>>> print(open('target_27.cif').read())   # mmCIF, C-alpha atoms and all ligand atoms
data_final
#
loop_
_atom_site.label_atom_id
_atom_site.label_comp_id
_atom_site.auth_asym_id
_atom_site.auth_seq_id
_atom_site.Cartn_x
_atom_site.Cartn_y
_atom_site.Cartn_z
CA MET X 1373 93.04 -94.94 -58.69
CA PRO X 1374 96.05 -92.61 -58.35
CA THR X 1375 96.97 -91.77 -54.78
CA VAL X 1376 96.38 -88.22 -53.61
CA GLY X 1377 97.73 -87.44 -50.17
CA ARG X 1378 97.97 -84.30 -48.14
CA TYR X 1379 99.55 -82.63 -45.17
CA ALA X 1380 97.09 -80.19 -43.64
CA PRO X 1381 98.72 -78.12 -40.89
CA SER X 1382 97.06 -75.34 -38.93
CA PRO X 1383 99.39 -72.34 -38.95
CA THR X 1384 99.03 -71.69 -35.24
CA GLY X 1385 102.69 -71.80 -34.24
CA GLU X 1386 106.08 -73.29 -35.00
CA MET X 1387 106.32 -76.95 -36.06
CA HIS X 1388 107.78 -79.35 -33.52
CA LEU X 1389 109.02 -82.93 -33.93
CA GLY X 1390 105.52 -84.38 -33.61
CA ASN X 1391 104.26 -82.21 -36.48
CA ALA X 1392 107.34 -83.13 -38.49
CA ARG X 1393 106.72 -86.83 -37.95
CA THR X 1394 103.16 -86.53 -39.28
CA ALA X 1395 104.39 -84.44 -42.22
CA LEU X 1396 107.11 -87.00 -42.96
CA LEU X 1397 104.78 -90.00 -42.86
CA ALA X 1398 102.22 -88.26 -45.05
CA TRP X 1399 104.92 -87.40 -47.58
CA LEU X 1400 106.43 -90.92 -47.55
CA HIS X 1401 102.99 -92.45 -47.96
CA THR X 1402 102.17 -90.38 -51.04
CA ARG X 1403 105.62 -90.53 -52.63
CA ALA X 1404 106.02 -94.29 -52.14
CA ARG X 1405 102.84 -94.70 -54.17
CA GLY X 1406 103.87 -92.25 -56.85
CA GLY X 1407 100.95 -90.01 -55.91
CA THR X 1408 100.20 -86.30 -55.85
CA HIS X 1409 100.98 -84.55 -52.57
CA ILE X 1410 99.03 -81.54 -51.36
CA LEU X 1411 99.92 -78.94 -48.75
CA ARG X 1412 96.76 -77.46 -47.31
CA ILE X 1413 97.02 -74.55 -44.90
CA GLU X 1414 94.10 -74.81 -42.46
CA ASP X 1415 93.80 -71.22 -41.35
CA LEU X 1416 90.05 -70.78 -40.79
CA ASP X 1417 90.29 -70.17 -37.06
CA SER X 1418 91.72 -66.67 -37.39
CA GLY X 1419 91.94 -66.24 -33.62
CA ARG X 1420 94.52 -69.02 -33.43
CA VAL X 1421 96.43 -68.30 -36.64
CA ARG X 1422 99.86 -66.73 -36.09
CA PRO X 1423 101.37 -64.36 -38.66
CA GLN X 1424 104.26 -65.93 -40.62
CA ALA X 1425 103.39 -69.42 -39.32
CA ALA X 1426 102.40 -70.68 -42.79
CA ASP X 1427 105.64 -69.34 -44.27
CA LEU X 1428 107.60 -71.03 -41.54
CA ILE X 1429 105.84 -74.35 -42.21
CA ARG X 1430 106.84 -74.10 -45.88
CA THR X 1431 110.41 -73.28 -44.84
CA ASP X 1432 110.53 -76.20 -42.38
CA LEU X 1433 109.12 -78.71 -44.88
CA THR X 1434 111.49 -77.59 -47.60
CA TRP X 1435 114.42 -77.75 -45.19
CA LEU X 1436 113.49 -81.34 -44.36
CA GLY X 1437 113.23 -82.16 -48.07
CA LEU X 1438 109.47 -82.81 -48.03
CA ASP X 1439 108.03 -81.32 -51.19
CA TRP X 1440 104.46 -80.96 -52.47
CA ASP X 1441 102.77 -80.62 -55.82
CA LYS X 1442 99.85 -78.34 -55.04
CA GLU X 1443 99.01 -75.91 -52.31
CA TYR X 1444 95.69 -74.58 -51.02
CA THR X 1445 94.69 -72.19 -48.25
CA GLN X 1446 91.34 -72.68 -46.58
CA SER X 1447 90.63 -69.00 -45.96
CA GLN X 1448 90.49 -68.58 -49.75
CA ARG X 1449 87.86 -71.28 -50.12
CA LEU X 1450 84.95 -69.98 -48.05
CA ASP X 1451 82.53 -70.06 -50.99
CA TYR X 1452 82.87 -73.84 -51.23
CA TYR X 1453 82.09 -74.31 -47.55
CA ALA X 1454 79.07 -72.01 -47.80
CA ALA X 1455 77.73 -73.90 -50.81
CA VAL X 1456 78.08 -77.30 -49.18
CA LEU X 1457 76.67 -76.14 -45.87
CA SER X 1458 73.43 -75.18 -47.61
CA HIS X 1459 72.90 -78.85 -48.51
CA LEU X 1460 73.00 -80.05 -44.91
CA GLN X 1461 70.22 -80.08 -42.36
CA THR X 1462 71.32 -77.58 -39.75
CA TYR X 1463 69.70 -75.49 -37.03
CA PRO X 1464 70.79 -72.31 -35.27
CA CYS X 1465 72.22 -72.74 -31.80
CA THR X 1466 72.73 -69.86 -29.41
CA CYS X 1467 73.91 -71.82 -26.38
CA THR X 1468 76.96 -70.66 -24.52
CA ARG X 1469 79.57 -73.16 -23.36
CA ARG X 1470 78.31 -72.72 -19.84
CA GLU X 1471 74.69 -73.41 -20.83
CA ILE X 1472 75.77 -76.56 -22.62
CA ALA X 1473 77.76 -77.77 -19.61
CA ALA X 1474 74.80 -77.10 -17.33
CA ALA X 1475 72.37 -78.90 -19.64
CA ILE X 1476 74.64 -81.94 -19.82
CA LYS X 1477 74.92 -82.00 -16.04
CA ALA X 1478 71.15 -81.68 -15.60
CA SER X 1479 70.36 -84.43 -18.12
CA ALA X 1480 72.74 -86.86 -16.39
CA GLY X 1481 73.26 -88.38 -19.82
CA ALA X 1482 76.49 -90.18 -20.71
CA PRO X 1483 78.48 -88.70 -17.84
CA HIS X 1484 81.59 -90.56 -18.90
CA ALA X 1485 81.65 -89.43 -22.53
CA PRO X 1486 85.24 -88.35 -23.29
CA GLU X 1487 84.03 -85.05 -24.74
CA PRO X 1488 80.86 -83.10 -23.99
CA VAL X 1489 78.02 -84.14 -26.29
CA TYR X 1490 75.64 -81.34 -27.18
CA PRO X 1491 72.29 -82.27 -25.63
CA GLY X 1492 70.16 -80.81 -28.44
CA THR X 1493 68.91 -77.79 -26.51
CA CYS X 1494 68.20 -75.72 -29.64
CA ALA X 1495 67.09 -78.59 -31.88
CA GLN X 1496 63.49 -77.32 -31.87
CA GLN X 1497 64.17 -73.60 -31.40
CA PRO X 1498 67.16 -71.49 -30.36
CA SER X 1499 67.21 -70.76 -26.64
CA ASN X 1500 68.33 -67.11 -27.06
CA PRO X 1501 66.90 -66.15 -30.48
CA ASP X 1502 68.39 -62.64 -30.49
CA LYS X 1503 72.00 -63.74 -30.00
CA PRO X 1504 74.32 -64.63 -32.91
CA ALA X 1505 73.82 -68.29 -33.70
CA ALA X 1506 76.13 -71.14 -34.60
CA LEU X 1507 74.82 -73.72 -37.07
CA ARG X 1508 74.68 -77.30 -35.88
CA TRP X 1509 74.24 -80.35 -38.06
CA ARG X 1510 71.33 -82.61 -37.14
CA VAL X 1511 73.33 -85.84 -37.09
CA PRO X 1512 71.67 -88.94 -38.53
CA ASP X 1513 70.55 -91.68 -36.16
CA GLU X 1514 73.39 -93.97 -37.19
CA THR X 1515 76.50 -95.73 -36.03
CA VAL X 1516 79.55 -94.93 -38.14
CA CYS X 1517 82.61 -97.20 -38.09
CA PHE X 1518 85.96 -97.00 -39.80
CA THR X 1519 89.08 -99.14 -39.80
CA ASP X 1520 92.46 -97.47 -39.61
CA GLY X 1521 94.70 -98.30 -42.56
CA TRP X 1522 97.75 -98.97 -40.38
CA THR X 1523 96.56 -100.34 -37.06
CA LYS X 1524 93.55 -102.12 -38.63
CA GLN X 1525 91.65 -101.13 -35.53
CA THR X 1526 87.99 -100.28 -35.98
CA LEU X 1527 86.37 -97.37 -34.20
CA CYS X 1528 82.57 -97.08 -34.13
CA GLN X 1529 80.54 -94.16 -32.83
CA TYR X 1530 76.80 -93.94 -32.39
CA LEU X 1531 76.34 -90.39 -33.62
CA PRO X 1532 73.41 -89.18 -31.46
CA GLU X 1533 75.01 -90.34 -28.22
CA GLU X 1534 78.74 -90.20 -28.80
CA VAL X 1535 78.99 -87.21 -31.11
CA GLY X 1536 75.78 -85.20 -30.91
CA ASP X 1537 74.70 -82.39 -33.24
CA PHE X 1538 77.98 -80.63 -33.89
CA VAL X 1539 78.83 -77.13 -35.09
CA LEU X 1540 79.47 -76.58 -38.80
CA ARG X 1541 79.64 -72.80 -38.62
CA ARG X 1542 80.47 -70.94 -35.44
CA ASN X 1543 78.51 -67.96 -34.20
CA ASP X 1544 81.33 -65.69 -35.45
CA SER X 1545 80.70 -67.14 -38.96
CA VAL X 1546 83.90 -69.22 -38.99
CA TYR X 1547 83.36 -72.55 -40.76
CA ALA X 1548 84.16 -75.52 -38.56
CA TYR X 1549 87.18 -77.67 -39.24
CA HIS X 1550 85.04 -80.81 -39.74
CA LEU X 1551 83.10 -79.20 -42.57
CA ALA X 1552 86.11 -77.64 -44.29
CA VAL X 1553 88.21 -80.79 -44.12
CA VAL X 1554 85.47 -82.96 -45.63
CA VAL X 1555 84.74 -80.48 -48.41
CA ASP X 1556 88.41 -80.01 -49.24
CA ASP X 1557 89.39 -83.65 -49.15
CA ALA X 1558 86.59 -84.37 -51.61
CA LEU X 1559 87.22 -81.41 -53.95
CA MET X 1560 90.96 -82.18 -53.96
CA ASN X 1561 90.28 -85.89 -54.68
CA VAL X 1562 92.26 -86.94 -51.62
CA THR X 1563 92.38 -90.74 -51.42
CA ASP X 1564 94.68 -91.25 -48.42
CA ILE X 1565 94.67 -89.22 -45.22
CA VAL X 1566 97.70 -89.49 -42.96
CA ARG X 1567 97.23 -87.37 -39.83
CA GLY X 1568 97.74 -87.26 -36.10
CA ALA X 1569 95.98 -89.71 -33.80
CA ASP X 1570 94.44 -86.71 -31.98
CA LEU X 1571 91.92 -86.74 -34.83
CA LEU X 1572 90.96 -90.39 -34.46
CA SER X 1573 87.70 -89.64 -32.69
CA SER X 1574 86.81 -86.98 -35.30
CA THR X 1575 86.93 -89.47 -38.14
CA PRO X 1576 83.47 -91.07 -37.76
CA ARG X 1577 81.73 -87.68 -37.82
CA GLN X 1578 83.70 -86.66 -40.90
CA ILE X 1579 82.69 -89.91 -42.60
CA ALA X 1580 79.08 -89.20 -41.61
CA LEU X 1581 79.32 -85.83 -43.38
CA GLN X 1582 80.81 -87.51 -46.47
CA ARG X 1583 77.89 -89.93 -46.56
CA ALA X 1584 75.30 -87.20 -46.14
CA LEU X 1585 76.90 -85.34 -49.04
CA ASN X 1586 77.40 -88.41 -51.23
CA LEU X 1587 81.17 -87.99 -51.17
CA PRO X 1588 83.68 -90.84 -51.22
CA THR X 1589 85.47 -91.82 -48.00
CA PRO X 1590 89.28 -91.80 -48.20
CA THR X 1591 91.43 -94.32 -46.33
CA TYR X 1592 92.60 -93.00 -42.96
CA PHE X 1593 96.01 -93.59 -41.39
CA HIS X 1594 96.50 -92.11 -37.94
CA VAL X 1595 100.00 -91.37 -36.70
CA ALA X 1596 100.64 -91.97 -32.98
CA LEU X 1597 101.42 -88.70 -31.23
CA MET X 1598 104.94 -88.15 -30.01
CA THR X 1599 105.42 -87.74 -26.30
CA ASP X 1600 108.20 -86.14 -24.29
CA PHE X 1601 110.23 -87.81 -21.54
CA ARG X 1602 107.35 -87.20 -19.12
CA GLY X 1603 105.04 -89.12 -21.41
CA GLU X 1604 103.14 -85.94 -22.28
CA ARG X 1605 102.09 -85.18 -25.80
CA LEU X 1606 104.40 -82.75 -27.61
CA ALA X 1607 102.61 -79.46 -27.99
CA LYS X 1608 103.41 -76.04 -29.32
CA ARG X 1609 102.19 -74.62 -26.04
CA GLY X 1610 103.91 -77.16 -23.83
CA GLY X 1611 107.32 -75.85 -24.83
CA ALA X 1612 108.29 -78.61 -27.29
CA PRO X 1613 111.38 -77.34 -29.16
CA SER X 1614 110.51 -76.08 -32.61
CA LEU X 1615 112.22 -77.15 -35.81
CA LYS X 1616 113.20 -73.52 -36.29
CA ALA X 1617 114.94 -73.41 -32.92
CA MET X 1618 116.76 -76.67 -33.64
CA ARG X 1619 117.85 -75.41 -37.05
CA GLU X 1620 119.15 -72.21 -35.50
CA ARG X 1621 121.10 -74.27 -32.96
CA GLY X 1622 122.84 -75.97 -35.86
CA VAL X 1623 120.99 -79.31 -35.80
CA SER X 1624 120.89 -80.73 -39.35
CA ALA X 1625 117.72 -81.73 -41.18
CA GLU X 1626 119.29 -85.17 -41.74
CA ARG X 1627 119.74 -85.60 -38.00
CA ILE X 1628 116.09 -84.72 -37.36
CA LEU X 1629 114.91 -87.14 -40.04
CA ALA X 1630 117.05 -89.88 -38.51
CA ASP X 1631 115.61 -89.17 -35.05
CA LEU X 1632 112.08 -89.36 -36.48
CA ALA X 1633 112.90 -92.64 -38.23
CA HIS X 1634 114.33 -94.04 -34.98
CA SER X 1635 111.16 -93.01 -33.16
CA LEU X 1636 109.31 -95.22 -35.66
CA GLY X 1637 111.70 -98.11 -35.05
CA TRP X 1638 113.35 -97.92 -38.46
CA PRO X 1639 116.99 -98.96 -38.63
CA VAL X 1640 118.77 -95.98 -40.20
CA PRO X 1641 122.12 -94.32 -39.47
CA GLY X 1642 122.41 -91.11 -37.43
CA GLU X 1643 121.78 -88.87 -40.43
CA VAL X 1644 119.54 -89.55 -43.46
CA THR X 1645 117.96 -87.51 -46.21
CA ALA X 1646 114.27 -87.60 -47.06
CA ALA X 1647 115.11 -89.39 -50.32
CA GLU X 1648 117.04 -92.08 -48.43
CA LEU X 1649 114.14 -92.51 -46.02
CA LEU X 1650 111.82 -92.92 -48.97
CA SER X 1651 113.75 -95.98 -50.15
CA VAL X 1652 113.76 -97.40 -46.60
CA TYR X 1653 110.01 -96.85 -46.43
CA HIS X 1654 109.52 -98.41 -49.84
CA GLN X 1655 111.47 -101.46 -48.68
CA LEU X 1656 109.31 -101.70 -45.54
CA LEU X 1657 106.16 -101.51 -47.66
CA ILE X 1658 107.36 -104.27 -49.95
CA THR X 1659 108.39 -106.62 -47.15
CA LYS X 1660 105.12 -106.00 -45.29
CA THR X 1661 102.84 -106.84 -48.21
N1 LIG Q 1701 94.65 -78.99 -39.48
C1 LIG Q 1701 94.60 -80.12 -38.59
C2 LIG Q 1701 95.69 -80.00 -37.54
O1 LIG Q 1701 96.62 -79.29 -37.71
C3 LIG Q 1701 94.77 -81.44 -39.29
C4 LIG Q 1701 93.60 -81.76 -40.15
C5 LIG Q 1701 93.63 -83.12 -40.81
O2 LIG Q 1701 94.74 -83.63 -41.10
O3 LIG Q 1701 92.57 -83.64 -41.08
O4 LIG Q 1701 95.61 -80.62 -36.53
ZN ZN Q 1702 71.95 -74.50 -28.54
#
>>> encode(input="target_27.cif", output="structure tokens", more="lines below")
Ligand code: GLU
Ligand code: ZN
Amino acid sequence: MPTVGRYAPSPTGEMHLGNARTALLAWLHTRARGGTHILRIEDLDSGRVRPQAADLIRTDLTWLGLDWDKEYTQSQRLDYYAAVLSHLQTYPCTCTRREIAAAIKASAGAPHAPEPVYPGTCAQQPSNPDKPAALRWRVPDETVCFTDGWTKQTLCQYLPEEVGDFVLRRNDSVYAYHLAVVVDDALMNVTDIVRGADLLSSTPRQIALQRALNLPTPTYFHVALMTDFRGERLAKRGGAPSLKAMRERGVSAERILADLAHSLGWPVPGEVTAAELLSVYHQLLITKT
């Protein structure tokens, strides 16, 4: 099966080194396998989208020498999400964040869950029927596991307790990321997903959606997040320097690529091109297998 890979950024701000590392690894992964590489702009959450951010991502990727064969923009694909949503068992939920937090506290269920699990308040009927409702998916009573393609670590989640009925369309009609990503990866025939490790715990629920919709499950490769000297994750908000700022300071793309390669432990000189990194990566692939 030919490899189809993708880089799927949210245009919410300027790319930093952590974003560039994910973009680089996704590109290397696809190109080393002679596959098709997709750029998918994930701009559904209009409240977080920044004007010009998508253009800047294209500029940054091109500057680094990371090309792509096809491009899609999620906000132009709403009809697909609507069509797929109608095949899933959902129910309207009118809970506010505060109501959910209070219900979790009152139920004393899974107090140590890393993220709040919706306690199913509206599963029988919405608690505030006259308010605008989100749509939640009634998750199957199943445990979903997957094994990461790089680390070979397996993560399992029991959906009712560790995930809960999650939102597929928000009460402002915005389709949820989990729905859009599953629909798009399937329609674009994506076989290999290289993305940040912040999405590790989202993977089982996305696989659950694929199964419910009879869609194939791609192989997942999660990239460790880059941290700063304080050990904190690089973030657009946390003041991580952007590629744009570095470029304007005169830092070369080759220098940035070399720094990213060093952060991965690859022995390269102080400046490399994307094409040179591709042959290093190819070599690593061959010696590893
Ligand atoms: N758009 C997501 C992000 O920027 C990534 C989605 C994915 O790769 O599955 O974090
Ligand atoms: Zn609810």
>>> closest_atom_pairs(input="target_27.cif", of="chain X", to="ligand LIG 1701 (chain Q)", cutoff="9 Å", atoms="only C-alpha atoms and all ligand atoms", output="JSON lines")
{"residue": "X:Arg1378", "atom": "CA", "partner": "Q:LIG1701", "partner_atom": "O2", "distance": 7.8}
{"residue": "X:Tyr1379", "atom": "CA", "partner": "Q:LIG1701", "partner_atom": "O2", "distance": 6.4}
{"residue": "X:Ala1380", "atom": "CA", "partner": "Q:LIG1701", "partner_atom": "O2", "distance": 4.9}
{"residue": "X:Pro1381", "atom": "CA", "partner": "Q:LIG1701", "partner_atom": "O1", "distance": 4.0}
{"residue": "X:Ser1382", "atom": "CA", "partner": "Q:LIG1701", "partner_atom": "O1", "distance": 4.2}
{"residue": "X:Pro1383", "atom": "CA", "partner": "Q:LIG1701", "partner_atom": "O1", "distance": 7.6}
{"residue": "X:Thr1384", "atom": "CA", "partner": "Q:LIG1701", "partner_atom": "O1", "distance": 8.3}
{"residue": "X:Asn1391", "atom": "CA", "partner": "Q:LIG1701", "partner_atom": "O1", "distance": 8.3}
{"residue": "X:Arg1412", "atom": "CA", "partner": "Q:LIG1701", "partner_atom": "N1", "distance": 8.3}
{"residue": "X:Ile1413", "atom": "CA", "partner": "Q:LIG1701", "partner_atom": "N1", "distance": 7.4}
{"residue": "X:Glu1414", "atom": "CA", "partner": "Q:LIG1701", "partner_atom": "N1", "distance": 5.2}
{"residue": "X:Asp1415", "atom": "CA", "partner": "Q:LIG1701", "partner_atom": "N1", "distance": 8.0}
{"residue": "X:Tyr1549", "atom": "CA", "partner": "Q:LIG1701", "partner_atom": "N1", "distance": 7.6}
{"residue": "X:His1550", "atom": "CA", "partner": "Q:LIG1701", "partner_atom": "O3", "distance": 8.2}
{"residue": "X:Val1553", "atom": "CA", "partner": "Q:LIG1701", "partner_atom": "O3", "distance": 6.0}
{"residue": "X:Val1554", "atom": "CA", "partner": "Q:LIG1701", "partner_atom": "O3", "distance": 8.5}
{"residue": "X:Asp1557", "atom": "CA", "partner": "Q:LIG1701", "partner_atom": "O3", "distance": 8.7}
{"residue": "X:Ile1565", "atom": "CA", "partner": "Q:LIG1701", "partner_atom": "O2", "distance": 6.9}
{"residue": "X:Val1566", "atom": "CA", "partner": "Q:LIG1701", "partner_atom": "O2", "distance": 6.8}
{"residue": "X:Arg1567", "atom": "CA", "partner": "Q:LIG1701", "partner_atom": "O2", "distance": 4.7}
{"residue": "X:Gly1568", "atom": "CA", "partner": "Q:LIG1701", "partner_atom": "O2", "distance": 6.9}
{"residue": "X:Asp1570", "atom": "CA", "partner": "Q:LIG1701", "partner_atom": "O4", "distance": 7.7}
{"residue": "X:Leu1571", "atom": "CA", "partner": "Q:LIG1701", "partner_atom": "O3", "distance": 7.0}
{"residue": "X:Ser1574", "atom": "CA", "partner": "Q:LIG1701", "partner_atom": "O3", "distance": 8.8}
{"residue": "X:Thr1575", "atom": "CA", "partner": "Q:LIG1701", "partner_atom": "O3", "distance": 8.6}
>>> residues_near_ligand(input="target_27.cif", ligand="ligand ZN 1702 (chain Q)", cutoff="6 Å", atoms="all atoms listed in the file", output="compact mmCIF listing (two decimals) with C-alpha atoms, keeping the file's coordinate frame")
# COMPACT_ATOMS: atom_id res chain seq x y z
CA CYS X 1465 72.22 -72.74 -31.80
CA THR X 1466 72.73 -69.86 -29.41
CA CYS X 1467 73.91 -71.82 -26.38
CA THR X 1493 68.91 -77.79 -26.51
CA CYS X 1494 68.20 -75.72 -29.64
CA PRO X 1498 67.16 -71.49 -30.36
>>> residues_around(input="target_27.cif", residues="region 1425-1438 of chain X", least_positions_apart="5", cutoff="8 Å", atoms="all atoms listed in the file", output="PyMOL selection string")
chain X and resi 1383-1387+1392+1395-1396+1399+1413+1615-1616+1625-1626+1629+1645-1647
>>> write_last_selection(input="target_27.cif", atoms="C-alpha atoms", output="short mmCIF file (atom, residue, chain, number, x, y, z; two decimals), in the coordinates of the input")
data_model
loop_
_atom_site.label_atom_id
_atom_site.label_comp_id
_atom_site.auth_asym_id
_atom_site.auth_seq_id
_atom_site.Cartn_x
_atom_site.Cartn_y
_atom_site.Cartn_z
CA PRO X 1383 99.39 -72.34 -38.95
CA THR X 1384 99.03 -71.69 -35.24
CA GLY X 1385 102.69 -71.80 -34.24
CA GLU X 1386 106.08 -73.29 -35.00
CA MET X 1387 106.32 -76.95 -36.06
CA ALA X 1392 107.34 -83.13 -38.49
CA ALA X 1395 104.39 -84.44 -42.22
CA LEU X 1396 107.11 -87.00 -42.96
CA TRP X 1399 104.92 -87.40 -47.58
CA ILE X 1413 97.02 -74.55 -44.90
CA LEU X 1615 112.22 -77.15 -35.81
CA LYS X 1616 113.20 -73.52 -36.29
CA ALA X 1625 117.72 -81.73 -41.18
CA GLU X 1626 119.29 -85.17 -41.74
CA LEU X 1629 114.91 -87.14 -40.04
CA THR X 1645 117.96 -87.51 -46.21
CA ALA X 1646 114.27 -87.60 -47.06
CA ALA X 1647 115.11 -89.39 -50.32
#
>>> residues_around(input="target_27.cif", residues="Glu1648 (chain X)", least_positions_apart="3", cutoff="12 Å", atoms="all atoms listed in the file", output="PyMOL selection string")
chain X and resi 1400+1404+1437-1438+1626+1629-1630+1633+1639-1641+1643-1645+1651-1655
>>> closest_residue(input="target_27.cif", among="X:Glu1443, X:Arg1621, X:Met1598, X:Gln1461", to="Leu1636 (chain X)", atoms="all atoms listed in the file")
X:Met1598
>>> residues_around(input="target_27.cif", residues="Ala1475 (chain X)", least_positions_apart="2", cutoff="12 Å", atoms="only C-alpha atoms", output="list in words")
Cys1467, Thr1468, Arg1469, Arg1470, Glu1471, Ile1472, Ala1473, Lys1477, Ala1478, Ser1479, Ala1480, Gly1481, Pro1483, Pro1488, Val1489, Tyr1490, Pro1491, Gly1492, Thr1493, Cys1494 and Ser1499 of chain X
>>> decode(input="target_27.cif", residues="region 1577-1591 of chain X", atoms="N, CA, C and O atoms", output="short mmCIF file (atom, residue, chain, number, x, y, z; two decimals), in the first residue's frame")
data_model
loop_
_atom_site.label_atom_id
_atom_site.label_comp_id
_atom_site.auth_asym_id
_atom_site.auth_seq_id
_atom_site.Cartn_x
_atom_site.Cartn_y
_atom_site.Cartn_z
N ARG X 1577 -9.56 7.10 21.30
CA ARG X 1577 -10.94 7.52 20.97
C ARG X 1577 -11.08 7.75 19.46
O ARG X 1577 -12.15 7.55 18.91
N GLN X 1578 -10.00 8.14 18.81
CA GLN X 1578 -10.09 8.31 17.36
C GLN X 1578 -10.17 6.94 16.68
O GLN X 1578 -10.91 6.77 15.70
N ILE X 1579 -9.47 5.97 17.22
CA ILE X 1579 -9.57 4.61 16.68
C ILE X 1579 -10.98 4.05 16.92
O ILE X 1579 -11.55 3.37 16.06
N ALA X 1580 -11.55 4.38 18.07
CA ALA X 1580 -12.92 3.93 18.35
C ALA X 1580 -13.89 4.49 17.30
O ALA X 1580 -14.78 3.79 16.82
N LEU X 1581 -13.71 5.76 16.94
CA LEU X 1581 -14.56 6.35 15.91
C LEU X 1581 -14.35 5.64 14.57
O LEU X 1581 -15.32 5.35 13.85
N GLN X 1582 -13.09 5.36 14.24
CA GLN X 1582 -12.81 4.64 12.98
C GLN X 1582 -13.55 3.31 12.96
O GLN X 1582 -14.17 2.94 11.95
N ARG X 1583 -13.50 2.60 14.08
CA ARG X 1583 -14.17 1.29 14.11
C ARG X 1583 -15.67 1.42 13.96
O ARG X 1583 -16.30 0.65 13.24
N ALA X 1584 -16.24 2.41 14.65
CA ALA X 1584 -17.69 2.59 14.57
C ALA X 1584 -18.12 2.94 13.15
O ALA X 1584 -19.24 2.66 12.74
N LEU X 1585 -17.22 3.56 12.40
CA LEU X 1585 -17.55 3.99 11.04
C LEU X 1585 -17.00 3.03 9.98
O LEU X 1585 -17.09 3.32 8.78
N ASN X 1586 -16.44 1.91 10.44
CA ASN X 1586 -15.87 0.94 9.50
C ASN X 1586 -14.75 1.52 8.66
O ASN X 1586 -14.64 1.23 7.46
N LEU X 1587 -13.92 2.35 9.26
CA LEU X 1587 -12.80 2.96 8.54
C LEU X 1587 -11.51 2.29 8.98
O LEU X 1587 -11.41 1.82 10.11
N PRO X 1588 -10.52 2.25 8.10
CA PRO X 1588 -9.25 1.63 8.48
C PRO X 1588 -8.51 2.49 9.52
O PRO X 1588 -8.72 3.70 9.59
N THR X 1589 -7.68 1.85 10.32
CA THR X 1589 -6.85 2.57 11.30
C THR X 1589 -5.44 2.72 10.75
O THR X 1589 -4.79 1.73 10.43
N PRO X 1590 -4.97 3.97 10.64
CA PRO X 1590 -3.59 4.19 10.18
C PRO X 1590 -2.60 3.76 11.26
O PRO X 1590 -2.99 3.43 12.38
N THR X 1591 -1.32 3.78 10.93
CA THR X 1591 -0.28 3.57 11.95
C THR X 1591 0.06 4.93 12.55
O THR X 1591 0.18 5.91 11.84
#
